[in-house]
Amino acid sequence: YEGEKRTGLIGGLYWEYRIAKRFSLMSNILYSQRGERGLENLSEIKLDYINMPIMLKFAILPELGISTGINSDILLGIKGMGISRQDFKGSDWGIPLGISLDISKRLQLGGIVNYGLMNVAKNDIPQSSKVKNHWGSFTLSYIFR
């Protein structure tokens with residue numbers, strides 16, 4: 001939009017189902033915070049989403065995998081100066097690209113970047129054609145096997 005990157009929290013549950021020796025289907029349900037830090041408080045935006053990707057994972061090595069798929073988000077809430085939930089669409093779609101590394105039998109490091117496909121703002125706010133959710137996350141997961 002107009003501001004700088006915002007750091008937020010992400011957390012939830014995910015599952016992985018092996019469909020072949022090197023391929024797995026993955027999905028999760030996550031709460032994630034997004035938005036931007038405003039310049040002179042003009043574009044401060046805080047967005048809360050439920051994130052639900054479906055991804056295909058390829059195991060490069062037994063402990064290292066890459067993944068991609070489709071991501072669906074549901075908007076839970078929004079805070080910002082001069083904007084409200086009615087200014088934003090209730091859902092979003094994106095293409096995630098991920099990497100994961102099993103650091104033990106129970107712990108996994110992960111990283112995802114998501115390229116937002118939709119304009120998440122409705123047309124009645126300024127510069128609405130440029131409001132897309134491009135985001136990234138780093139995660140530490142505890143694995144139940």
# chains A, B, ... in the order shown; residues from 1 in each chain; ligands from 1
call {"tool": "closest_atom_pairs", "arguments": {"of": "range 40-133 of chain A", "to": "range 31-35 of chain A", "cutoff": "6 Å", "atoms": "only C-alpha atoms", "output": "JSON lines"}}
result
{"residue": "A:Ile45", "atom": "CA", "partner": "A:Gly35", "partner_atom": "CA", "distance": 5.0}
{"residue": "A:Lys46", "atom": "CA", "partner": "A:Gly35", "partner_atom": "CA", "distance": 4.6}
{"residue": "A:Leu47", "atom": "CA", "partner": "A:Arg34", "partner_atom": "CA", "distance": 5.0}
{"residue": "A:Asp48", "atom": "CA", "partner": "A:Gln33", "partner_atom": "CA", "distance": 4.7}
{"residue": "A:Tyr49", "atom": "CA", "partner": "A:Ser32", "partner_atom": "CA", "distance": 5.3}
{"residue": "A:Ile50", "atom": "CA", "partner": "A:Tyr31", "partner_atom": "CA", "distance": 4.7}
call {"tool": "closest_residue", "arguments": {"among": "A:Leu64, A:His134, A:Ile83, A:Gly77", "to": "Asp102 in chain A", "atoms": "only C-alpha atoms"}}
result
A:Leu64
call {"tool": "residues_around", "arguments": {"residues": "Gly111 in chain A", "least_positions_apart": "5", "cutoff": "8 Å", "atoms": "only C-alpha atoms", "output": "PDB file with N, CA, C and O atoms, in the first residue's frame"}}
result
ATOM      1  N   GLY A  98       7.157 -23.003  -0.211  1.00  0.00           N
ATOM      2  CA  GLY A  98       7.716 -23.281   1.095  1.00  0.00           C
ATOM      3  C   GLY A  98       8.921 -24.186   1.072  1.00  0.00           C
ATOM      4  O   GLY A  98       9.189 -24.881   0.086  1.00  0.00           O
ATOM      5  N   ILE A  99       9.648 -24.175   2.179  1.00  0.00           N
ATOM      6  CA  ILE A  99      10.766 -25.071   2.398  1.00  0.00           C
ATOM      7  C   ILE A  99      10.704 -25.509   3.861  1.00  0.00           C
ATOM      8  O   ILE A  99      10.291 -24.729   4.726  1.00  0.00           O
ATOM      9  N   SER A 100      11.058 -26.767   4.111  1.00  0.00           N
ATOM     10  CA  SER A 100      11.044 -27.269   5.484  1.00  0.00           C
ATOM     11  C   SER A 100      12.270 -28.141   5.728  1.00  0.00           C
ATOM     12  O   SER A 100      12.764 -28.813   4.826  1.00  0.00           O
ATOM     13  N   GLY A 136       5.483 -13.455   4.071  1.00  0.00           N
ATOM     14  CA  GLY A 136       6.378 -14.570   4.340  1.00  0.00           C
ATOM     15  C   GLY A 136       6.307 -14.931   5.810  1.00  0.00           C
ATOM     16  O   GLY A 136       5.907 -14.116   6.643  1.00  0.00           O
ATOM     17  N   SER A 137       6.690 -16.164   6.124  1.00  0.00           N
ATOM     18  CA  SER A 137       6.704 -16.582   7.527  1.00  0.00           C
ATOM     19  C   SER A 137       7.832 -17.571   7.773  1.00  0.00           C
ATOM     20  O   SER A 137       8.243 -18.308   6.876  1.00  0.00           O
ATOM     21  N   PHE A 138       8.301 -17.553   8.996  1.00  0.00           N
ATOM     22  CA  PHE A 138       9.246 -18.544   9.494  1.00  0.00           C
ATOM     23  C   PHE A 138       8.553 -19.253  10.640  1.00  0.00           C
ATOM     24  O   PHE A 138       7.931 -18.604  11.487  1.00  0.00           O
ATOM     25  N   THR A 139       8.648 -20.582  10.676  1.00  0.00           N
ATOM     26  CA  THR A 139       7.963 -21.335  11.716  1.00  0.00           C
ATOM     27  C   THR A 139       8.885 -22.374  12.340  1.00  0.00           C
ATOM     28  O   THR A 139       9.824 -22.863  11.718  1.00  0.00           O
TER      29      THR A 139
END
call {"tool": "atom_distance", "arguments": {"atom1": "CA of Ser24 in chain A", "atom2": "CA of Gly65 in chain A"}}
result
9.6 Å
call {"tool": "select_by_dssp", "arguments": {"residues": "range 23-95 of chain A", "states": "strand (DSSP E)", "output": "MDAnalysis selection string"}}
result
chainID A and resid 23:37 45:61 64:80 91:95
call {"tool": "residues_around", "arguments": {"residues": "Pro96 in chain A", "least_positions_apart": "3", "cutoff": "7 Å", "atoms": "only C-alpha atoms", "output": "list of chain:residue names"}}
result
A:Thr68, A:Gly69, A:Ile70, A:Asn71, A:Ile112, A:Val113, A:Asn114, A:Tyr115
call {"tool": "residues_around", "arguments": {"residues": "Leu30 in chain A", "least_positions_apart": "6", "cutoff": "9 Å", "atoms": "only C-alpha atoms", "output": "list in words"}}
result
Ile10, Gly11, Gly12, Leu13, Tyr14, Tyr49, Ile50, Asn51 and Met52 of chain A
call {"tool": "closest_residue", "arguments": {"among": "A:Gly80, A:Gly8, A:Gly110, A:Gly116", "to": "Glu44 in chain A", "atoms": "only C-alpha atoms"}}
result
A:Gly80
call {"tool": "residues_around", "arguments": {"residues": "Ala20 in chain A", "least_positions_apart": "4", "cutoff": "12 Å", "atoms": "only C-alpha atoms", "output": "ChimeraX atom specification"}}
result
/A:24-25,56-59
call {"tool": "select_by_dssp", "arguments": {"residues": "range 43-135 of chain A", "states": "helix (DSSP H, G or I)", "output": "list in words"}}
result
Arg85, Gln86, Asp87, Ser128, Ser129 and Lys130 of chain A
call {"tool": "write_last_selection", "arguments": {"atoms": "N, CA and C atoms", "output": "PDB file, in the first residue's frame"}}
result
ATOM      1  N   ARG A  85     -13.395  -2.840   8.257  1.00  0.00           N
ATOM      2  CA  ARG A  85     -13.552  -4.157   7.634  1.00  0.00           C
ATOM      3  C   ARG A  85     -14.343  -4.065   6.323  1.00  0.00           C
ATOM      4  N   GLN A  86     -15.251  -3.137   6.234  1.00  0.00           N
ATOM      5  CA  GLN A  86     -16.059  -2.974   5.023  1.00  0.00           C
ATOM      6  C   GLN A  86     -15.226  -2.507   3.829  1.00  0.00           C
ATOM      7  N   ASP A  87     -14.020  -1.993   4.089  1.00  0.00           N
ATOM      8  CA  ASP A  87     -13.145  -1.548   3.010  1.00  0.00           C
ATOM      9  C   ASP A  87     -12.352  -2.688   2.377  1.00  0.00           C
ATOM     10  N   SER A 128      -6.563   1.268  -4.211  1.00  0.00           N
ATOM     11  CA  SER A 128      -7.044  -0.091  -3.938  1.00  0.00           C
ATOM     12  C   SER A 128      -6.528  -1.116  -4.944  1.00  0.00           C
ATOM     13  N   SER A 129      -6.102  -0.677  -6.122  1.00  0.00           N
ATOM     14  CA  SER A 129      -5.599  -1.645  -7.092  1.00  0.00           C
ATOM     15  C   SER A 129      -4.244  -2.221  -6.688  1.00  0.00           C
ATOM     16  N   LYS A 130      -3.587  -1.654  -5.662  1.00  0.00           N
ATOM     17  CA  LYS A 130      -2.264  -2.086  -5.258  1.00  0.00           C
ATOM     18  C   LYS A 130      -2.243  -2.855  -3.943  1.00  0.00           C
TER      19      LYS A 130
END
call {"tool": "closest_residue", "arguments": {"among": "A:Arg145, A:Lys5, A:Lys21, A:Lys79", "to": "Leu61 in chain A", "atoms": "only C-alpha atoms"}}
result
A:Lys21
